[in-house]
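Engineer: For reference, the file my_file15.cif (mmCIF, C-alpha atoms and all ligand atoms) is included below:
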data_work
#
loop_
_atom_site.group_PDB
_atom_site.id
_atom_site.type_symbol
_atom_site.label_atom_id
_atom_site.label_comp_id
_atom_site.auth_asym_id
_atom_site.auth_seq_id
_atom_site.Cartn_x
_atom_site.Cartn_y
_atom_site.Cartn_z
ATOM 1 C CA MET A 19 44.732 198.848 135.888
ATOM 2 C CA THR A 20 43.727 195.812 133.879
ATOM 3 C CA ASN A 21 40.128 194.986 133.134
ATOM 4 C CA THR A 22 40.557 191.289 132.320
ATOM 5 C CA LEU A 23 41.919 188.227 134.137
ATOM 6 C CA THR A 24 43.292 185.220 132.269
ATOM 7 C CA ILE A 25 41.696 181.935 133.284
ATOM 8 C CA ALA A 26 42.831 178.719 131.567
ATOM 9 C CA GLY A 27 44.289 180.806 128.756
ATOM 10 C CA THR A 28 41.144 182.872 128.192
ATOM 11 C CA PRO A 29 40.744 186.534 129.172
ATOM 12 C CA VAL A 30 37.711 187.046 131.421
ATOM 13 C CA PRO A 31 36.288 190.554 132.146
ATOM 14 C CA VAL A 32 36.836 191.895 135.642
ATOM 15 C CA PHE A 33 33.699 193.002 137.513
ATOM 16 C CA PRO A 34 34.160 196.205 139.534
ATOM 17 C CA GLY A 35 33.145 196.051 143.156
ATOM 18 C CA LYS A 36 34.319 195.308 146.663
ATOM 19 C CA ILE A 37 35.610 191.954 147.833
ATOM 20 C CA LEU A 38 34.007 191.316 151.187
ATOM 21 C CA PRO A 39 36.119 190.053 154.135
ATOM 22 C CA HIS A 40 33.982 186.959 154.794
ATOM 23 C CA TRP A 41 34.471 185.900 151.167
ATOM 24 C CA ILE A 42 38.240 186.135 151.644
ATOM 25 C CA GLU A 43 37.921 184.123 154.841
ATOM 26 C CA ALA A 44 35.818 181.425 153.164
ATOM 27 C CA ALA A 45 38.255 181.252 150.222
ATOM 28 C CA HIS A 46 41.243 180.783 152.584
ATOM 29 C CA ALA A 47 39.462 178.075 154.481
ATOM 30 C CA LYS A 48 38.874 176.227 151.210
ATOM 31 C CA GLY A 49 42.394 176.576 149.806
ATOM 32 C CA TYR A 50 42.143 179.684 147.645
ATOM 33 C CA ASP A 51 42.889 183.405 147.432
ATOM 34 C CA ILE A 52 40.421 185.647 145.699
ATOM 35 C CA ALA A 53 42.151 186.966 142.567
ATOM 36 C CA GLY A 54 39.245 189.263 141.717
ATOM 37 C CA ARG A 55 35.576 189.580 140.869
ATOM 38 C CA ILE A 56 34.773 188.608 137.299
ATOM 39 C CA ILE A 57 31.952 188.624 134.729
ATOM 40 C CA ASP A 58 29.132 189.812 137.018
ATOM 41 C CA ARG A 59 28.232 190.144 140.679
ATOM 42 C CA LEU A 60 27.860 186.343 141.020
ATOM 43 C CA HIS A 61 31.375 185.240 139.963
ATOM 44 C CA LEU A 62 34.856 185.228 141.451
ATOM 45 C CA ALA A 63 38.318 184.295 140.222
ATOM 46 C CA LEU A 64 40.069 182.059 142.783
ATOM 47 C CA ARG A 65 43.800 181.239 142.918
ATOM 48 C CA CYS A 66 44.500 177.685 144.065
ATOM 49 C CA HIS A 67 46.918 177.458 147.019
ATOM 50 C CA LEU A 68 48.161 174.084 145.831
ATOM 51 C CA CYS A 69 48.962 174.719 142.194
ATOM 52 C CA GLY A 70 48.674 178.503 141.718
ATOM 53 C CA GLU A 71 46.157 178.174 138.882
ATOM 54 C CA ILE A 72 43.280 180.634 138.703
ATOM 55 C CA ILE A 73 39.837 179.096 138.400
ATOM 56 C CA GLN A 74 36.418 180.591 137.859
ATOM 57 C CA ALA A 75 33.865 179.962 140.608
ATOM 58 C CA ARG A 76 30.418 181.148 141.539
ATOM 59 C CA LEU A 77 30.238 183.173 144.722
ATOM 60 C CA PHE A 78 27.434 180.840 145.795
ATOM 61 C CA THR A 79 29.676 177.787 145.328
ATOM 62 C CA LEU A 80 32.469 179.378 147.348
ATOM 63 C CA MET A 81 30.149 180.192 150.232
ATOM 64 C CA SER A 82 28.160 176.952 150.274
ATOM 65 C CA ALA A 83 30.488 174.206 148.965
ATOM 66 C CA GLN A 84 34.075 173.355 148.047
ATOM 67 C CA PRO A 85 35.146 174.851 144.707
ATOM 68 C CA LEU A 86 37.244 172.309 142.772
ATOM 69 C CA CYS A 87 40.484 173.283 141.058
ATOM 70 C CA SER A 88 40.362 171.705 137.610
ATOM 71 C CA ALA A 89 44.136 171.951 137.282
ATOM 72 C CA CYS A 90 44.649 170.017 140.545
ATOM 73 C CA ILE A 91 42.098 167.409 139.517
ATOM 74 C CA LYS A 92 43.822 166.936 136.190
ATOM 75 C CA SER A 93 47.252 166.712 137.767
ATOM 76 C CA GLY A 94 45.787 164.105 140.136
ATOM 77 C CA TRP A 95 44.629 162.092 137.145
ATOM 78 C CA ILE A 96 48.079 162.407 135.578
ATOM 79 C CA THR A 97 49.860 161.356 138.785
ATOM 80 C CA THR A 98 47.551 158.427 139.486
ATOM 81 C CA ALA A 99 47.915 157.194 135.917
ATOM 82 C CA LYS A 100 51.676 157.492 136.120
ATOM 83 C CA SER A 101 51.773 155.509 139.366
ATOM 84 C CA VAL A 102 50.254 152.513 137.552
ATOM 85 C CA GLY A 103 52.409 152.832 134.439
ATOM 86 C CA LEU A 104 49.893 154.664 132.238
ATOM 87 C CA VAL A 105 50.098 158.008 130.493
ATOM 88 C CA PHE A 106 46.960 160.110 130.956
ATOM 89 C CA ILE A 107 45.808 161.338 127.526
ATOM 90 C CA ASP A 108 42.482 163.113 128.097
ATOM 91 C CA GLN A 109 39.124 162.918 129.757
ATOM 92 C CA CYS A 110 36.573 161.131 127.601
ATOM 93 C CA PRO A 111 34.288 163.733 125.984
ATOM 94 C CA GLU A 112 31.251 161.412 125.991
ATOM 95 C CA ASN A 113 31.468 160.340 129.620
ATOM 96 C CA ARG A 114 33.202 162.420 132.282
ATOM 97 C CA HIS A 115 33.822 159.338 134.425
ATOM 98 C CA TYR A 116 36.128 157.895 131.764
ATOM 99 C CA ALA A 117 39.493 158.862 130.325
ATOM 100 C CA TRP A 118 41.901 157.728 127.637
ATOM 101 C CA TYR A 119 45.273 156.369 128.699
ATOM 102 C CA GLU A 120 48.330 155.153 126.862
ATOM 103 C CA ALA A 121 49.461 151.738 128.083
ATOM 104 C CA PRO A 122 53.160 150.780 128.270
ATOM 105 C CA CYS A 123 52.662 148.660 125.115
ATOM 106 C CA GLY A 124 51.629 151.814 123.194
ATOM 107 C CA HIS A 125 47.947 150.888 122.867
ATOM 108 C CA THR A 126 45.256 153.352 123.941
ATOM 109 C CA LEU A 127 42.867 152.222 126.678
ATOM 110 C CA ARG A 128 39.585 153.791 127.804
ATOM 111 C CA ARG A 129 39.045 153.325 131.529
ATOM 112 C CA GLN A 130 37.014 154.754 134.402
ATOM 113 C CA PHE A 131 38.862 157.130 136.743
ATOM 114 C CA GLU A 132 37.559 154.966 139.578
ATOM 115 C CA LEU A 133 39.167 151.875 138.120
ATOM 116 C CA ILE A 134 42.552 153.585 137.813
ATOM 117 C CA LYS A 135 42.264 154.638 141.467
ATOM 118 C CA ARG A 136 41.559 151.049 142.448
ATOM 119 C CA VAL A 137 44.521 149.859 140.384
ATOM 120 C CA ALA A 138 46.710 152.442 142.137
ATOM 121 C CA ALA A 139 45.433 151.140 145.482
ATOM 122 C CA GLY A 140 46.456 147.625 144.455
ATOM 123 C CA GLU A 141 42.875 146.357 144.478
ATOM 124 C CA THR A 142 42.815 145.265 140.868
ATOM 125 C CA GLY A 143 44.998 145.057 137.789
ATOM 126 C CA ILE A 144 44.839 146.515 134.346
ATOM 127 C CA ARG A 145 45.537 144.798 131.072
ATOM 128 C CA CYS A 146 45.517 145.702 127.422
ATOM 129 C CA GLU A 147 42.927 143.585 125.573
ATOM 130 C CA ILE A 148 44.743 144.041 122.264
ATOM 131 C CA CYS A 149 48.023 142.678 123.608
ATOM 132 C CA HIS A 150 46.238 140.052 125.628
ATOM 133 C CA HIS A 151 44.400 138.801 122.562
ATOM 134 C CA ALA A 152 47.690 138.599 120.669
ATOM 135 C CA THR A 153 49.190 136.581 123.553
ATOM 136 C CA GLU A 154 46.324 134.103 123.471
ATOM 137 C CA GLU A 155 46.552 133.810 119.695
ATOM 138 C CA ALA A 156 50.274 133.139 119.916
ATOM 139 C CA GLU A 157 49.944 130.512 122.644
ATOM 140 C CA ALA A 158 47.309 128.643 120.590
ATOM 141 C CA ASP A 159 49.340 128.955 117.389
ATOM 142 C CA ALA A 160 52.422 127.498 119.072
ATOM 143 C CA ARG A 161 50.347 124.349 119.738
ATOM 144 C CA GLY A 162 48.972 124.086 116.209
ATOM 145 C CA TRP A 163 45.598 125.597 117.085
ATOM 146 C CA GLU A 164 43.858 128.815 116.160
ATOM 147 C CA LEU A 165 42.012 130.977 118.696
ATOM 148 C CA VAL A 166 38.488 131.314 117.299
ATOM 149 C CA GLY A 167 36.916 133.344 120.112
ATOM 150 C CA ALA A 168 35.033 133.211 123.385
ATOM 151 C CA ASP A 169 33.614 129.964 124.724
ATOM 152 C CA PRO A 170 30.257 129.229 123.035
ATOM 153 C CA ASN A 171 29.018 128.012 126.448
ATOM 154 C CA GLY A 172 30.027 131.308 128.047
ATOM 155 C CA ASP A 173 32.572 129.929 130.525
ATOM 156 C CA PRO A 174 35.210 132.665 130.982
ATOM 157 C CA ASN A 175 37.911 130.031 131.549
ATOM 158 C CA TYR A 176 37.294 128.372 128.194
ATOM 159 C CA ARG A 177 37.861 129.488 124.610
ATOM 160 C CA GLN A 178 36.800 128.133 121.242
ATOM 161 C CA TYR A 179 39.813 126.875 119.287
ATOM 162 C CA LYS A 180 40.320 125.313 115.871
ATOM 163 C CA HIS A 181 42.843 122.596 115.166
ATOM 164 C CA ILE A 182 44.827 123.918 112.211
ATOM 165 C CA ALA A 183 45.735 120.411 110.997
ATOM 166 C CA CYS A 184 42.152 119.127 110.708
ATOM 167 C CA ASP A 185 39.880 122.211 111.000
ATOM 168 C CA HIS A 186 38.038 120.666 113.950
ATOM 169 C CA LYS A 187 36.713 123.242 116.417
ATOM 170 C CA GLN A 188 36.385 122.579 120.113
ATOM 171 C CA ARG A 189 36.250 124.373 123.435
ATOM 172 C CA ILE A 190 39.333 124.009 125.602
ATOM 173 C CA ALA A 191 40.055 125.519 129.018
ATOM 174 C CA ARG A 192 42.784 128.070 128.498
ATOM 175 C CA THR A 193 44.885 126.580 131.322
ATOM 176 C CA ASN A 194 44.621 123.162 129.682
ATOM 177 C CA LEU A 195 45.807 124.660 126.421
ATOM 178 C CA GLN A 196 48.691 126.377 128.198
ATOM 179 C CA THR A 197 49.709 123.200 130.002
ATOM 180 C CA ASP A 198 49.122 120.953 126.971
ATOM 181 C CA ARG A 199 46.434 118.874 128.663
ATOM 182 C CA PHE A 200 44.064 118.421 125.743
ATOM 183 C CA SER A 201 43.713 116.428 122.569
ATOM 184 C CA CYS A 202 41.768 116.942 119.374
ATOM 185 C CA GLY A 203 38.267 115.476 119.259
ATOM 186 C CA GLY A 204 38.385 115.686 115.457
ATOM 187 C CA CYS A 205 41.545 113.856 114.413
ATOM 188 C CA GLY A 206 42.554 112.371 117.747
ATOM 189 C CA GLU A 207 45.851 114.245 117.802
ATOM 190 C CA LEU A 208 47.194 114.029 121.328
ATOM 191 C CA TRP A 209 48.233 116.911 123.534
ATOM 192 C CA PRO A 210 51.322 118.774 122.337
ATOM 193 C CA ALA A 211 53.528 117.354 125.109
ATOM 194 C CA ALA A 212 52.961 113.809 123.861
ATOM 195 C CA PRO A 213 55.413 112.236 121.385
ATOM 196 C CA SER A 214 54.667 112.932 117.744
ATOM 197 C CA ASN A 215 55.972 112.430 114.225
ATOM 198 C CA LEU A 216 56.698 114.411 111.139
ATOM 199 C CA TYR A 217 55.424 112.577 108.096
ATOM 200 C CA VAL A 218 55.375 112.721 104.303
ATOM 201 C CA MET A 219 52.450 111.173 102.434
ATOM 202 C CA SER A 220 51.827 110.756 98.735
ATOM 203 C CA PHE A 221 48.445 110.867 97.018
ATOM 204 C CA THR A 222 47.393 110.058 93.479
ATOM 205 C CA LEU A 223 44.273 111.904 92.384
ATOM 206 C CA PRO A 224 41.698 110.272 90.043
ATOM 207 C CA ASN A 225 43.143 112.375 87.196
ATOM 208 C CA SER A 226 46.550 110.728 87.889
ATOM 209 C CA ARG A 227 48.030 113.897 89.318
ATOM 210 C CA GLU A 228 50.481 113.065 92.116
ATOM 211 C CA LEU A 229 50.730 115.180 95.223
ATOM 212 C CA VAL A 230 52.741 115.081 98.418
ATOM 213 C CA LYS A 231 51.830 116.248 101.897
ATOM 214 C CA LEU A 232 54.089 117.160 104.804
ATOM 215 C CA GLY A 233 52.569 117.202 108.283
ATOM 216 C CA TYR A 234 52.836 116.075 111.885
ATOM 217 C CA SER A 235 50.771 113.646 113.913
ATOM 218 C CA ASN A 236 51.095 111.328 116.887
ATOM 219 C CA ASN A 237 49.409 108.736 114.677
ATOM 220 C CA PRO A 238 50.203 109.344 110.981
ATOM 221 C CA LEU A 239 48.596 106.142 109.781
ATOM 222 C CA GLY A 240 45.364 106.790 111.669
ATOM 223 C CA ARG A 241 45.384 110.322 110.366
ATOM 224 C CA LEU A 242 45.824 109.118 106.793
ATOM 225 C CA ARG A 243 43.140 106.421 107.046
ATOM 226 C CA ASN A 244 40.542 108.180 109.155
ATOM 227 C CA GLN A 245 40.966 111.847 108.501
ATOM 228 C CA LEU A 246 42.771 112.879 105.380
ATOM 229 C CA VAL A 247 41.323 110.731 102.650
ATOM 230 C CA ARG A 248 37.643 111.012 101.845
ATOM 231 C CA ASN A 249 37.549 108.206 99.321
ATOM 232 C CA LYS A 250 39.126 104.991 100.691
ATOM 233 C CA ASP A 251 40.108 103.982 97.141
ATOM 234 C CA LEU A 252 42.297 107.042 96.611
ATOM 235 C CA PRO A 253 45.848 105.692 96.260
ATOM 236 C CA CYS A 254 47.947 107.053 99.084
ATOM 237 C CA GLU A 255 50.833 106.011 101.282
ATOM 238 C CA ILE A 256 53.113 107.195 104.032
ATOM 239 C CA LEU A 257 56.576 107.682 102.557
ATOM 240 C CA ARG A 258 58.445 108.558 105.691
ATOM 241 C CA THR A 259 57.912 109.360 109.360
ATOM 242 C CA VAL A 260 60.387 110.955 111.734
ATOM 243 C CA PRO A 261 59.623 110.476 115.440
ATOM 244 C CA VAL A 262 59.839 113.662 117.488
ATOM 245 C CA ASP A 263 59.844 113.912 121.302
ATOM 246 C CA THR A 264 56.822 116.194 121.551
ATOM 247 C CA GLY A 265 53.992 117.505 119.416
ATOM 248 C CA GLN A 266 55.229 120.977 120.308
ATOM 249 C CA GLN A 267 58.568 120.290 118.687
ATOM 250 C CA ALA A 268 56.893 118.591 115.709
ATOM 251 C CA ILE A 269 54.745 121.690 115.119
ATOM 252 C CA SER A 270 57.660 124.079 115.142
ATOM 253 C CA LEU A 271 59.803 121.853 112.889
ATOM 254 C CA GLU A 272 56.883 121.366 110.512
ATOM 255 C CA LYS A 273 56.109 125.086 110.373
ATOM 256 C CA ALA A 274 59.716 126.015 109.719
ATOM 257 C CA LEU A 275 59.987 123.421 106.960
ATOM 258 C CA HIS A 276 56.781 124.581 105.262
ATOM 259 C CA ALA A 277 58.054 128.150 105.321
ATOM 260 C CA LYS A 278 61.359 127.040 103.813
ATOM 261 C CA LEU A 279 59.666 124.980 101.081
ATOM 262 C CA ARG A 280 57.201 127.722 100.157
ATOM 263 C CA GLU A 281 60.025 130.222 99.964
ATOM 264 C CA ALA A 282 62.398 128.067 97.910
ATOM 265 C CA HIS A 283 59.822 126.273 95.701
ATOM 266 C CA PRO A 284 56.721 128.478 95.445
ATOM 267 C CA ALA A 285 55.674 126.919 92.138
ATOM 268 C CA THR A 286 55.224 123.490 93.763
ATOM 269 C CA VAL A 287 52.597 124.670 96.262
ATOM 270 C CA VAL A 288 49.321 123.188 95.036
ATOM 271 C CA ASP A 289 46.113 125.209 95.183
ATOM 272 C CA SER A 290 43.529 123.614 97.475
ATOM 273 C CA GLN A 291 40.976 123.677 94.617
ATOM 274 C CA VAL A 292 42.929 120.847 93.020
ATOM 275 C CA TYR A 293 42.299 118.386 95.882
ATOM 276 C CA SER A 294 39.242 119.820 97.600
ATOM 277 C CA GLY A 295 36.715 117.056 98.284
ATOM 278 C CA LEU A 296 39.468 114.437 97.985
ATOM 279 C CA ILE A 297 41.924 115.294 100.744
ATOM 280 C CA ASN A 298 40.746 116.862 103.996
ATOM 281 C CA VAL A 299 43.196 119.746 104.287
ATOM 282 C CA LYS A 300 43.445 123.248 102.930
ATOM 283 C CA THR A 301 47.217 123.697 102.743
ATOM 284 C CA GLU A 302 50.467 121.784 103.104
ATOM 285 C CA ILE A 303 50.145 119.977 99.787
ATOM 286 C CA TYR A 304 52.878 120.124 97.128
ATOM 287 C CA GLU A 305 53.524 118.741 93.657
ATOM 288 C CA ALA A 306 55.061 115.247 93.784
ATOM 289 C CA SER A 307 58.174 116.705 92.121
ATOM 290 C CA LEU A 308 59.070 118.120 95.533
ATOM 291 C CA THR A 309 59.066 114.658 97.191
ATOM 292 C CA ALA A 310 62.827 114.022 97.008
ATOM 293 C CA ILE A 311 63.579 117.438 98.449
ATOM 294 C CA ILE A 312 61.131 116.960 101.334
ATOM 295 C CA LEU A 313 62.573 113.533 102.102
ATOM 296 C CA ASP A 314 66.088 115.023 102.159
ATOM 297 C CA GLU A 315 64.883 117.719 104.538
ATOM 298 C CA LEU A 316 63.316 115.100 106.817
ATOM 299 C CA ASP A 317 66.563 113.099 106.759
ATOM 300 C CA ALA A 318 68.443 116.196 107.811
ATOM 301 C CA ILE A 319 65.962 116.808 110.633
ATOM 302 C CA ALA A 320 66.194 113.158 111.772
ATOM 303 C CA THR A 321 69.990 113.332 111.818
ATOM 304 C CA ASN A 322 69.873 116.577 113.722
ATOM 305 C CA LEU A 323 67.408 115.187 116.285
ATOM 306 C CA ALA A 324 69.520 112.054 116.759
ATOM 307 C CA SER A 325 72.658 114.094 117.350
ATOM 308 C CA THR A 326 71.014 116.450 119.871
ATOM 309 C CA ALA A 327 69.416 113.491 121.710
ATOM 310 C CA SER A 328 72.685 111.639 122.270
HETATM 311 ZN ZN ZN A 401 44.974 173.647 141.903
HETATM 312 ZN ZN ZN A 402 48.623 146.604 124.180
HETATM 313 ZN ZN ZN A 403 42.450 117.676 114.860
#
Just give me the structure as structure tokens.
Ligand SMILES: [Zn+2]
Ligand SMILES: [Zn+2]
Ligand SMILES: [Zn+2]

Structural biologist:
Amino acid sequence: MTNTLTIAGTPVPVFPGKILPHWIEAAHAKGYDIAGRIIDRLHLALRCHLCGEIIQARLFTLMSAQPLCSACIKSGWITTAKSVGLVFIDQCPENRHYAWYEAPCGHTLRRQFELIKRVAAGETGIRCEICHHATEEAEADARGWELVGADPNGDPNYRQYKHIACDHKQRIARTNLQTDRFSCGGCGELWPAAPSNLYVMSFTLPNSRELVKLGYSNNPLGRLRNQLVRNKDLPCEILRTVPVDTGQQAISLEKALHAKLREAHPATVVDSQVYSGLINVKTEIYEASLTAIILDELDAIATNLASTAS
């Protein structure tokens, strides 16, 4: 005869004594068999009819309430999580109403059990903030803007964005960003669906150093006159513009070309210290020695655009 019972992997001492018939009856009615008396005269070991696990319960609980099978509860959590595409990891140690789940994207989410139940019932959805943030960053980046953060005015439909080309920050409704219905209040750049241009500009600094800038704008001349140059006497000119159907396309062509130039000619990338206070940008400026190469690249792009348009 054994004098311990194993409950959740732990041996628990058996308490000698009779098991009374009305206990057995109460246990049956509540979904359990009595596996034995344990610890002292106040405790019982109950075997769950549903899952076969043995749980520890107080005699008082059995007689006055419904003892809960922790194994069944946990398997319920696992099943509910699975039904909404999550993997149950563990109950949160700080708050028993919360648990950790692994999302399909691999990120770990902390959510209330109640919320997961509501998701399973189709009442609400669940999303990963990490992935969602990355999505919003990418959609802004594709339009030449940077996601700065939440709307300073607190409207959940708006975000604060920064125009990468001119550093101007403004709030834009996310749907307007997504559907390209916005323009920049800083440099006047139109919405990304509007026609645009790639351009090359040259600048001569007061110390005679010559620089060249590659960029995109729906209005290169306005950008040069009103935005880029701080001192109106700084010699500068537009060397070439290539019209592009949309700002969107201009941004992606411009980005690809910058990447190519930086990769092939890293020594010609000019540090922003050199022109800070003179030209209103932080990047995209090269030594003038790169001018011929940039113009050739723009020619190639123009030819390519013309051939795909016809
Ligand atoms: Zn159970
Ligand atoms: Zn994620
Ligand atoms: Zn701007």

Engineer: Spell out the residues picked by the PyMOL selection byres (((chain A and resi 56-72) around 9) and not hetatm) here, as number ranges by chain.

Structural biologist: A: 22-26, 30-35, 45-46, 49-55, 73-78, 80, 85, 87-90

Engineer: If you apply the PyMOL selection byres (((not hetatm)) within 10 of (chain A and resi 403)) to this file, what residues do you get, as a short mmCIF file (atom, residue, chain, number, x, y, z; two decimals) with C-alpha atoms, in the frame of the given file?

Structural biologist:
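Okay, part.cif is ready:
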data_model
loop_
_atom_site.label_atom_id
_atom_site.label_comp_id
_atom_site.auth_asym_id
_atom_site.auth_seq_id
_atom_site.Cartn_x
_atom_site.Cartn_y
_atom_site.Cartn_z
CA GLY A 162 48.97 124.09 116.21
CA TRP A 163 45.60 125.60 117.08
CA LYS A 180 40.32 125.31 115.87
CA HIS A 181 42.84 122.60 115.17
CA ILE A 182 44.83 123.92 112.21
CA ALA A 183 45.74 120.41 111.00
CA CYS A 184 42.15 119.13 110.71
CA ASP A 185 39.88 122.21 111.00
CA HIS A 186 38.04 120.67 113.95
CA LYS A 187 36.71 123.24 116.42
CA GLN A 188 36.38 122.58 120.11
CA SER A 201 43.71 116.43 122.57
CA CYS A 202 41.77 116.94 119.37
CA GLY A 203 38.27 115.48 119.26
CA GLY A 204 38.38 115.69 115.46
CA CYS A 205 41.54 113.86 114.41
CA GLY A 206 42.55 112.37 117.75
CA GLU A 207 45.85 114.24 117.80
CA LEU A 208 47.19 114.03 121.33
CA SER A 235 50.77 113.65 113.91
CA ARG A 241 45.38 110.32 110.37
CA GLN A 245 40.97 111.85 108.50
#

Engineer: Distance atom CA of A:Thr259-atom CA of A:Ala274, one decimal place?

Structural biologist: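 Answer for the atom CA of A:Thr259 to atom CA of A:Ala274 separation: 16.8 Å.
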
Engineer: Give the residues close to ligand ZN 402 (chain A), within 6 Å, counting only C-alpha atoms and all ligand atoms; write them as a VMD selection string.

Structural biologist: chain A and resid 123 125 146 148 to 149

Engineer: If you count all atoms listed in the file, which residues fall within 12 Å of stretch 250-253 of chain A, apart from same-chain ones fewer than 3 positions away, as a list in words?

Structural biologist: Met219, Ser220, Phe221, Thr222, Leu223, Pro224, Asn225, Ser226, Arg227, Glu228, Leu229, Val230, Leu242, Arg243, Asn244, Gln245, Leu246, Val247, Ile256, Tyr293, Gly295, Leu296 and Ile297 of chain A

Engineer: Expanded to explicit residues, what is the PyMOL selection byres (((chain A and resi 263) around 9) and not hetatm) for this file, as a PyMOL selection string?

Structural biologist: chain A and resi 211-215+261-262+264-268

Engineer: Calculated over all atoms listed in the file, which of the candidates A:Lys100, A:Lys92, A:Arg161, A:Arg128 has the smallest distance to A:Glu147?

Structural biologist: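 Under the stated criterion, the closest residue is A:Arg128.
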